[in-house]
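Reproduced below: data30.txt, with compact mmCIF, C-alpha atoms.
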# COMPACT_ATOMS: atom_id res chain seq x y z
CA MET L 1 3.91 -180.05 119.11
CA LEU L 2 7.31 -178.74 120.09
CA VAL L 3 6.94 -175.79 122.47
CA LEU L 4 9.87 -173.42 123.06
CA SER L 5 10.12 -170.34 125.27
CA ARG L 6 11.74 -167.30 123.68
CA GLN L 7 12.27 -163.68 124.64
CA ARG L 8 12.26 -160.61 122.47
CA ASP L 9 15.07 -160.59 119.88
CA GLU L 10 15.63 -164.32 120.29
CA SER L 11 15.15 -166.67 117.36
CA ILE L 12 14.51 -170.25 116.46
CA MET L 13 15.90 -172.05 113.44
CA ILE L 14 13.88 -174.45 111.31
CA GLY L 15 16.19 -176.59 109.24
CA ASP L 16 19.34 -174.74 108.28
CA ASN L 17 17.86 -171.82 106.38
CA ILE L 18 14.69 -170.62 108.09
CA VAL L 19 15.00 -168.23 111.05
CA VAL L 20 12.00 -167.02 113.03
CA THR L 21 12.74 -164.07 115.34
CA ILE L 22 10.53 -162.63 118.08
CA VAL L 23 10.58 -158.96 117.07
CA ASP L 24 8.14 -157.55 119.61
CA ILE L 25 5.71 -158.65 122.29
CA ARG L 26 2.88 -156.36 123.28
CA GLY L 27 -0.01 -157.69 125.36
CA ASP L 28 -1.42 -160.72 123.56
CA LYS L 29 0.26 -159.83 120.27
CA VAL L 30 3.60 -161.18 119.11
CA ARG L 31 5.43 -159.80 116.09
CA LEU L 32 7.55 -162.34 114.27
CA GLY L 33 10.29 -161.80 111.74
CA ILE L 34 10.76 -164.64 109.31
CA ASN L 35 13.82 -165.20 107.16
CA ALA L 36 13.23 -168.00 104.69
CA PRO L 37 14.41 -168.85 101.17
CA ALA L 38 12.31 -167.30 98.42
CA GLU L 39 10.91 -170.66 97.38
CA VAL L 40 9.39 -171.26 100.83
CA PRO L 41 6.00 -169.55 100.96
CA VAL L 42 5.13 -167.96 104.31
CA HIS L 43 1.50 -167.14 105.03
CA ARG L 44 -0.82 -166.31 107.87
CA GLN L 45 -2.61 -169.62 108.35
CA GLU L 46 -6.19 -168.29 108.30
CA VAL L 47 -5.53 -166.34 105.10
CA TYR L 48 -3.93 -169.33 103.40
CA GLU L 49 -6.79 -171.63 104.39
CA ALA L 50 -9.37 -169.16 103.11
CA ILE L 51 -7.55 -169.03 99.75
CA GLN L 52 -7.44 -172.84 99.61
CA ARG L 53 -11.19 -173.06 100.19
CA GLU L 54 -11.85 -170.34 97.63
CA ASN L 55 -9.75 -172.05 94.94
CA ILE L 56 -11.45 -175.40 95.47
CA ARG L 57 -14.87 -173.75 95.19
CA ALA L 58 -13.85 -171.65 92.19
CA ALA L 59 -12.55 -174.74 90.37
CA ARG L 60 -16.12 -176.05 90.20
CA LEU L 61 -17.38 -173.11 88.14
CA GLY L 62 -18.26 -173.76 84.53
CA PRO L 63 -19.00 -171.59 81.51
CA GLY L 64 -22.69 -171.63 82.45
CA ASP L 65 -21.90 -169.78 85.68
CA THR L 66 -19.87 -167.03 84.08
CA GLU L 67 -21.84 -166.27 80.92
CA ASN L 68 -23.08 -162.91 82.27
CA ILE L 69 -19.74 -161.65 83.51
CA GLY L 70 -19.28 -159.44 80.45
CA ARG L 71 -21.89 -156.96 81.64
CA PHE L 72 -19.70 -156.07 84.62
CA ALA L 73 -16.62 -155.39 82.50
CA ASN L 74 -15.40 -152.04 81.29
CA ARG L 75 -14.62 -151.73 77.67
CA GLY L 76 -11.01 -151.52 76.63
CA SER L 77 -7.95 -153.68 76.73
CA GLY L 78 -6.87 -156.00 79.46
CA GLN L 79 -8.53 -159.27 78.58
CA PRO L 80 -6.55 -162.44 79.24
CA ARG L 81 -4.38 -163.40 76.32
CA GLU L 82 -5.32 -166.20 74.07
CA PRO L 83 -2.95 -169.13 73.93
CA GLY L 84 -0.13 -168.33 71.57
CA SER L 85 -0.75 -164.58 71.41
CA ARG L 86 2.49 -163.69 73.15
CA MET P 1 -0.81 -181.95 73.02
CA ARG P 2 -4.42 -182.97 73.01
CA LEU P 3 -6.54 -182.78 76.14
CA THR P 4 -10.08 -183.91 76.85
CA THR P 5 -11.54 -181.50 79.39
CA SER P 6 -14.83 -181.73 81.26
CA ARG P 7 -15.85 -178.17 80.30
CA PHE P 8 -14.46 -177.61 76.82
CA GLY P 9 -14.26 -181.09 75.36
CA ARG P 10 -11.21 -181.90 73.28
CA ILE P 11 -8.72 -179.08 73.02
CA GLU P 12 -5.33 -178.78 71.42
CA ILE P 13 -2.61 -177.08 73.47
CA ASP P 14 0.75 -176.05 72.11
CA ALA P 15 3.51 -177.26 74.44
CA GLY P 16 4.90 -173.71 74.42
CA ASP P 17 1.65 -172.39 75.89
CA VAL P 18 1.81 -174.49 79.04
CA ILE P 19 2.29 -172.35 82.15
CA ARG P 20 4.15 -173.99 85.02
CA PHE P 21 3.12 -173.28 88.62
CA PRO P 22 6.00 -174.85 90.59
CA SER P 23 4.06 -174.69 93.89
CA GLY P 24 0.67 -175.50 92.43
CA LEU P 25 -2.12 -173.34 93.83
CA PRO P 26 -3.39 -173.34 97.43
CA GLY P 27 -5.98 -176.11 97.62
CA LEU P 28 -4.88 -177.37 94.18
CA GLU P 29 -1.28 -178.18 95.06
CA ASP P 30 -1.06 -181.06 92.60
CA CYS P 31 -1.96 -178.82 89.65
CA ARG P 32 1.46 -177.70 88.42
CA GLU P 33 0.77 -177.22 84.73
CA TRP P 34 -1.98 -175.05 83.30
CA ALA P 35 -3.04 -173.55 80.00
CA LEU P 36 -4.74 -170.19 79.64
CA LEU P 37 -7.69 -170.47 77.26
CA ALA P 38 -9.85 -167.71 75.87
CA ASP P 39 -13.59 -168.05 76.57
CA SER P 40 -15.47 -168.67 73.34
CA SER P 41 -18.34 -166.29 74.10
CA ASN P 42 -16.83 -163.71 76.40
CA GLU P 43 -13.73 -161.75 75.48
CA ALA P 44 -13.26 -160.43 79.04
CA LEU P 45 -12.96 -163.97 80.39
CA GLY P 46 -10.26 -166.62 80.28
CA TRP P 47 -9.94 -170.10 81.73
CA LEU P 48 -6.92 -171.55 83.41
CA GLN P 49 -7.25 -175.21 82.57
CA CYS P 50 -5.27 -177.70 84.63
CA ILE P 51 -3.38 -180.06 82.31
CA SER P 52 -3.24 -183.05 84.66
CA ARG P 53 -6.84 -182.80 85.92
CA PRO P 54 -9.34 -182.36 83.08
CA ASP P 55 -12.11 -181.45 85.56
CA VAL P 56 -10.20 -178.53 87.10
CA ALA P 57 -10.35 -175.09 85.52
CA LEU P 58 -10.50 -171.60 86.99
CA ALA P 59 -12.34 -168.70 85.40
CA VAL P 60 -9.99 -165.70 85.36
CA VAL P 61 -10.23 -162.06 84.36
CA SER P 62 -7.98 -159.04 84.26
CA PRO P 63 -9.05 -157.37 87.53
CA ARG P 64 -8.51 -153.83 86.20
CA ARG P 65 -11.17 -154.53 83.64
CA PHE P 66 -13.73 -154.93 86.42
CA VAL P 67 -12.24 -152.88 89.26
CA PRO P 68 -10.48 -149.87 87.73
CA ASP P 69 -9.13 -148.67 91.09
CA TYR P 70 -7.63 -152.05 91.95
CA GLN P 71 -4.00 -151.53 92.81
CA VAL P 72 -2.22 -154.64 93.82
CA ARG P 73 0.81 -154.52 96.07
CA ILE P 74 2.68 -157.78 96.26
CA PRO P 75 5.50 -158.46 98.72
CA ARG P 76 8.82 -158.93 96.93
CA SER P 77 9.23 -162.38 98.49
CA GLU P 78 6.05 -163.50 96.71
CA LEU P 79 7.38 -162.42 93.32
CA THR P 80 10.98 -163.62 93.65
CA PRO P 81 10.17 -167.19 92.52
CA LEU P 82 8.74 -165.83 89.26
CA ALA P 83 12.12 -164.30 88.34
CA LEU P 84 10.56 -161.32 86.58
CA SER P 85 13.28 -159.19 85.07
CA ASP P 86 10.74 -156.58 84.06
CA ILE P 87 7.33 -155.98 85.61
CA ARG P 88 5.91 -155.68 82.09
CA GLN P 89 6.50 -159.42 81.75
CA ALA P 90 3.86 -159.94 84.42
CA GLN P 91 0.24 -160.63 83.66
CA VAL P 92 -2.07 -160.36 86.66
CA VAL P 93 -5.39 -162.18 86.68
CA ALA P 94 -8.06 -162.61 89.35
CA VAL P 95 -9.96 -165.85 89.93
CA VAL P 96 -13.74 -165.68 89.53
CA GLY P 97 -15.86 -167.24 92.26
CA THR P 98 -19.42 -167.10 93.48
CA THR P 99 -21.22 -165.99 96.61
CA GLY P 100 -24.85 -166.96 96.55
CA ALA P 101 -26.10 -165.95 93.12
CA SER P 102 -23.39 -163.32 92.58
CA LEU P 103 -20.10 -163.61 90.79
CA THR P 104 -17.09 -162.53 92.82
CA LEU P 105 -13.42 -161.80 92.19
CA ASN P 106 -10.63 -162.93 94.47
CA LEU P 107 -8.71 -159.67 94.77
CA LYS P 108 -6.70 -160.81 97.79
CA ALA P 109 -4.87 -163.60 95.99
CA PRO P 110 -4.34 -162.75 92.32
CA ILE P 111 -2.41 -165.02 89.99
CA VAL P 112 0.75 -163.54 88.49
CA ILE P 113 2.12 -165.05 85.30
CA ASN P 114 5.59 -164.44 83.91
CA VAL P 115 4.54 -164.29 80.28
CA GLU P 116 8.07 -164.75 78.92
CA ALA P 117 9.09 -167.66 81.13
CA ARG P 118 5.62 -169.24 81.17
CA THR P 119 5.63 -169.61 84.95
CA GLY P 120 2.93 -168.59 87.36
CA ARG P 121 2.13 -168.24 91.01
CA GLN P 122 -0.86 -167.28 93.10
CA VAL P 123 0.30 -164.55 95.45
CA VAL P 124 -1.15 -162.99 98.57
CA ALA P 125 -1.43 -159.23 98.07
CA SER P 126 -0.67 -156.78 100.86
CA GLY P 127 -3.41 -154.82 102.52
CA ASP P 128 -7.09 -155.25 103.20
CA LEU P 129 -8.42 -156.66 99.93
CA PRO P 130 -11.51 -158.85 99.62
CA LEU P 131 -11.40 -162.56 98.81
CA HIS P 132 -14.95 -162.13 97.53
CA TYR P 133 -15.34 -158.85 95.67
CA GLU P 134 -18.91 -158.98 94.48
CA LEU P 135 -19.57 -157.97 90.88
CA THR P 136 -22.64 -155.75 90.72
CA PRO P 137 -23.96 -153.42 88.01
CA ASN P 138 -23.26 -150.55 90.40
CA ARG P 139 -19.62 -150.76 91.25
CA GLN P 140 -18.78 -151.13 94.89
CA PRO P 141 -16.07 -148.87 96.22
CA LEU P 142 -12.92 -150.80 96.90
CA ARG P 143 -11.77 -150.41 100.45
CA LYS P 144 -8.48 -148.63 100.63
CA SER P 145 -5.73 -151.00 101.53
CA ALA P 146 -3.94 -150.43 104.80
So, in terms of structure tokens, how does the structure I just supplied come out?
Amino acid sequence: MLVLSRQRDESIMIGDNIVVTIVDIRGDKVRLGINAPAEVPVHRQEVYEAIQRENIRAARLGPGDTENIGRFANRGSGQPREPGSR
Amino acid sequence: MRLTTSRFGRIEIDAGDVIRFPSGLPGLEDCREWALLADSSNEALGWLQCISRPDVALAVVSPRRFVPDYQVRIPRSELTPLALSDIRQAQVVAVVGTTGASLTLNLKAPIVINVEARTGRQVVASGDLPLHYELTPNRQPLRKSA
């Protein structure tokens, strides 16, 4: 791993269009500012990994697991659209 | 196009109904094309079926239908790739999961679909929202987001 020392208000560049700036340092907490193109997703790692795990688990569900979900729903609109019902 | 899925058997999908997820989904990065199917027995439920992987499908619901006080705030940077010209083009769905014997909703990372452009993206909402919001007959209060 590349390790760089930076002070407050200093930045590093990743490639030619991602800039990470040290915004603030307080105790053991560092605040980072990240400038990246819109198509580059930026996430806190632990949040992203939790979402990955959740999606993989959720992708194993089948209609047998969800058959009772209707009893938790409120009546009214808002159901997912059917294909073609644009 | 015709698709043979592990859950729903053979289904017919109109090419115009395919929803493209340019970044895939976290954990399912190779799944770029999906179709939103209605559940045959439950009108509150839909299924996002992966086109390239017949065994991959996600149960999805409109979160407001289950959590009336759910207010999702999404950073602008998360929505930019969807190129929504009007927020009314956006359809927000939450992925259904399980915890133990209970069904849960992923309120932290809803899926936003640009209905006009047929593109989608799973976003990370701002604030303190649960990844596993448990569905119970007695509704749990949703923690206020920070």
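Nearest residue to Ala36 of chain L among P:Leu84, P:Leu131, P:Thr98, P:Glu78 is P:Glu78, counting only C-alpha atoms.
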Quick one: everything within 8 Å of Cys31 of chain P, counting only C-alpha atoms, minus sequence neighbours fewer than 3 positions away in the same chain. Send it as a list in words.
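Close residues of Cys31 of chain P: Phe21, Gly24, Leu25, Leu28, Trp34, Cys50, Ile51, Ser52 and Arg53 of chain P.
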Atom CA of Gly33 of chain L to atom CA of Met13 of chain L: how many Å, to one decimal?
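Answer for the atom CA of Gly33 of chain L to atom CA of Met13 of chain L separation: 11.8 Å.
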Using all atoms listed in the file, which residue out of L:Ala58, L:Val47, L:Ile34, L:Ala73 lies closest to Gly127 of chain P?
L:Val47
So the first atom is atom CA of Tyr70 of chain P and the second is atom CA of Val115 of chain P; what is the distance between them in Å, to one decimal place?
20.8 Å
Contact set, chain P to chain L: 8 Å, all atoms listed in the file, as an NGL selection string:
:P and (7 or 13-14 or 16-17 or 25-28 or 35-38 or 41-46 or 56-62 or 64-66 or 77-78 or 80-81 or 93 or 95-98 or 103 or 109 or 115 or 131 or 135-137)
What is the atom CA of Thr119 of chain P-atom CA of Ala83 of chain P distance in Å, reported with one decimal?
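According to the coordinates, atom CA of Thr119 of chain P and atom CA of Ala83 of chain P are separated by 9.0 Å.
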Radius query 9 Å about (-1.0, -160.0, 88.5), atoms used: all atoms listed in the file, as a PDB file with C-alpha atoms, in the coordinates of the input:
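For reference, point.pdb as written:
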ATOM      1  CA  SER P  62      -7.980-159.040  84.260  1.00  0.00           C
ATOM      2  CA  PRO P  63      -9.050-157.370  87.530  1.00  0.00           C
ATOM      3  CA  VAL P  72      -2.220-154.640  93.820  1.00  0.00           C
ATOM      4  CA  ILE P  74       2.680-157.780  96.260  1.00  0.00           C
ATOM      5  CA  ALA P  90       3.860-159.940  84.420  1.00  0.00           C
ATOM      6  CA  GLN P  91       0.240-160.630  83.660  1.00  0.00           C
ATOM      7  CA  VAL P  92      -2.070-160.360  86.660  1.00  0.00           C
ATOM      8  CA  VAL P  93      -5.390-162.180  86.680  1.00  0.00           C
ATOM      9  CA  ALA P  94      -8.060-162.610  89.350  1.00  0.00           C
ATOM     10  CA  PRO P 110      -4.340-162.750  92.320  1.00  0.00           C
ATOM     11  CA  ILE P 111      -2.410-165.020  89.990  1.00  0.00           C
ATOM     12  CA  VAL P 112       0.750-163.540  88.490  1.00  0.00           C
ATOM     13  CA  ILE P 113       2.120-165.050  85.300  1.00  0.00           C
ATOM     14  CA  GLN P 122      -0.860-167.280  93.100  1.00  0.00           C
ATOM     15  CA  VAL P 123       0.300-164.550  95.450  1.00  0.00           C
TER      16      VAL P 123
END
Got a sec to check which residues sit within 9 Å of (-10.1, -181.2, 78.7), counting all atoms listed in the file, and write them as a ChimeraX atom specification?
/P:2-11,49-51,53-56
Go ahead and fit an axis-aligned box to every listed atom of segment 98-113 of chain P plus 8 Å each side, and pass me the centre and edge lengths in Å, one decimal, as JSON.
{"center_x": -12.0, "center_y": -163.4, "center_z": 91.5, "size_x": 44.2, "size_y": 23.4, "size_z": 28.5}
